[in-house]
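Visitor: Take this structure, written in structure tokens, and hold onto it; I'll ask about it next.
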2 protein chains.
Amino acid sequence: MMAISDEGLGLRERKRLRTRLTIARAALELFDRQGFHETPIAQIAEAADVSPRTVSGYFPHKEDLVFPDSEEAFQSLDQRLRERPPEETAADALRGWIESWVGEQAGLEEEQKLRRRIVAADEGLRAYEHRLMLRAQDAIAAAIARDLGVAATDLEPRMAAAATVTIFELLGQVLEPICDPGDEPRPRAEALEVVDRALLFIGAGIRALRAG
Amino acid sequence: MMAISDEGLGLRERKRLRTRLTIARAALELFDRQGFHETPIAQIAEAADVSPRTVSGYFPHKEDLVFPDSEEAFQSLDQRLRERPPEETAADALRGWIESWVGEQAGLEEEQKLRRRIVAADEGLRAYEHRLMLRAQDAIAAAIARDLGVAATDLEPRMAAAATVTIFELLGQVLEPICDPGDEPRPRAEALEVVDRALLFIGAGIRALRAG
DNA sequence: CTGCAAGTTTGCAAAGCCTGCAATAATCCC
DNA sequence: GGGATTATTGCAGGCTTTGCAAACTTGCAG
């Protein structure tokens with residue numbers, strides 16, 4: 001679910017991470033069984049053996065329980081894009097990041113599947129996920145703008161970035177097109193193939209705009 | 001704000017529409033002055049001289065107050081796409097719909113500006129707007145799939161549809177890039193130019209995917 | 001080991017949103 | 001006019017979210 005990186009951390013930090021993880025796991029489990037709206041925070045708190053107030057402390061919005069490490073992911077993507085060498089394109093950096101990201105998710109297929117199923121069942125959660133993605137969209141737009149030598153607020157990089165973010169969203173659905181329990185996880189290669197097709201789509205779109 | 005189509009309607013319907021309009025207008029005004037979150041429903045009710053329960057009756061979610069006629073717009077787009085003649089492409093139908101839609105908005109520039117400013121100021125509203133757009137996305141994906149002779153669930157039409165919906169969202173921002181009071185409304189032609197560039201982008205992407 | 005500083009958990013309360021229900025009021029149509 | 005339909009309203013209850021202060025745990029220096 002979340003990368004447990006408790007290296008060189010004091011007891012305090014480790015305990016905090018553990019609590020956070022426990023809560024998120026309990027929530028995911030309950031959401032999957034009963035539905036998001038049908039699961040009050042009080043019940044999650046009970047399952048995680050913690051007070052409701054503590055749940056809200058870790059996860060300001062109930063929806064955050066479904067995307068516990070979006071912040072971490074965004075930071076890593078943003079850094080990857082910013083610190084890419086001058087000769088590497090935004091698309092290459094993005095692809096590289098996705099590759100390593102997908103790699104890090106190894107062993108978490110079950111949780112991913114749960115998450116996908118939960119999100120698929122609730123329109124509001126899909127919108128919330130998109131809201132999280134918007135941050136990535138801005139970072140990607142900035143990176144593409146750097147490639148093209150235009151302002152990040154120009155239509156061109158923004159359209160391309162928006163299309164790119166769309167790919168992320170489709171990616172989740174492609175990886176778990178049928179969200180029934182017990183399905184085998186799709187091979188990683190297939191995910192990357194989708195990414196490559198998406199980047200092809202976007203690259204062609206950009207070229208067309210620049211030519212036209 | 002909303003198209004007031006009270007032709008051949010009884011007093012009941014007319015009154016209903018009028019009430020709805022009054023509430024939405026009051027809400028928009030207050031949201032703009034104080035902010036979305038800073039405006040409780042009770043205050044809107046007071047301004048519109050109805051009970052809070054009535055507001056919730058007309059607008060199940062508070063956010064709906066900001067997008068009062070999204071349903072109408074979606075229905076009209078969906079119908080336009082479904083009933084397009086066989087020789088008209090999805091892109092053409094879409095462009096035609098946007099053109100007439102933009103035309104219908106004539107005279108509503110002030111409300112549009114208010115709305116844009118309100119939405120721009122709140123991340124949650126942007127996500128909600130996207131949520132509304134997802135319905136259009138499905139309709140567009142189906143239309144593109146029909147063009148291509150593939151299933152609506154295929155990656156190709158879905159990516160193209162997602163990119164298209166993105167255009168709608170950017171369109172609002174392009175039309176009101178600086179959401180300060182008193183700006184002149186952008187000319188309609190400029191909006192259509194954006195649409196054309198967007199369709200160019202998407203068309204090139206689709207061709208690249210089919211070729212590759 | 002002891003005790004203080006810093007950080008965490010908890011309960012409580014208040015503000016809001018949203019929904020269902022039943023009573024009341026307005027409108028429609030015969 | 002009068003019964004049927006529909007709109008409006010108040011009320012209650014469940015839920016999320018936030019602030020605040022008290023109680024508790026951990027870290028660390030002496």
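By order of appearance in the structure tokens: chains A, B, ..., then residues from 1 within every chain, and ligands from 1 in the order shown.
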Identify all chain A residues at most 9 Å from chain D by counting only C-alpha atoms (C1' of nucleotides); ligands do not count. Present them as a PyMOL selection string.
Guide: chain A and resi 10-12+40-41+56+60-62
Visitor: Please identify every residue of chain A that has at least one atom no more than 8 Å from any atom of chain C, counting only C-alpha atoms (C1' of nucleotides), and report them as a VMD selection string.
Guide: chain A and resid 51 53 to 54
Visitor: Please report, as a PyMOL selection string, each residue of stretch 25-204 of chain A to which DSSP assigns helix (DSSP H, G or I) when run on this structure's backbone.
Guide: chain A and resi 25-34+41-48+52-58+62-65+70-82+90-104+109-120+123-148+155-175+188-204
Visitor: Would you mind listing, for every residue of chain A within 7 Å of chain B, the two atoms forming the shortest contact and the distance between them in Å to one decimal, using only C-alpha atoms, sorted by chain and ascending residue number, as CSV?
Guide:
residue,atom,partner,partner_atom,distance
A:Ala127,CA,B:Arg131,CA,5.2
A:Tyr128,CA,B:Ala127,CA,6.4
A:His130,CA,B:Ala127,CA,6.7
A:Arg131,CA,B:Ala127,CA,5.3
A:Ala162,CA,B:Thr166,CA,6.2
A:Ala163,CA,B:Ala163,CA,4.9
A:Thr166,CA,B:Ala162,CA,6.2
A:Arg197,CA,B:Leu209,CA,6.7
A:Leu200,CA,B:Ala208,CA,6.8
A:Phe201,CA,B:Gly205,CA,4.1
A:Ile202,CA,B:Gly205,CA,6.1
A:Ala204,CA,B:Gly205,CA,5.1
A:Gly205,CA,B:Phe201,CA,4.1
A:Ile206,CA,B:Phe201,CA,6.5
A:Ala208,CA,B:Phe201,CA,6.1
A:Leu209,CA,B:Phe201,CA,6.0
Visitor: Using only C-alpha atoms (C1' of nucleotides), which protein or nucleic acid residues come within 10 Å of stretch 93-95 of chain A? Drop anything in the same chain fewer than 2 positions from it, and give the result as a ChimeraX atom specification.
Guide: /A:77-78,80-85,88-91,97-101,140,143,164,192,195-196,199
Visitor: Would you work out the distance separating atom CA of A:Leu17 from atom CA of A:Gly107, expressed in Å to one decimal?
Guide: 19.1 Å
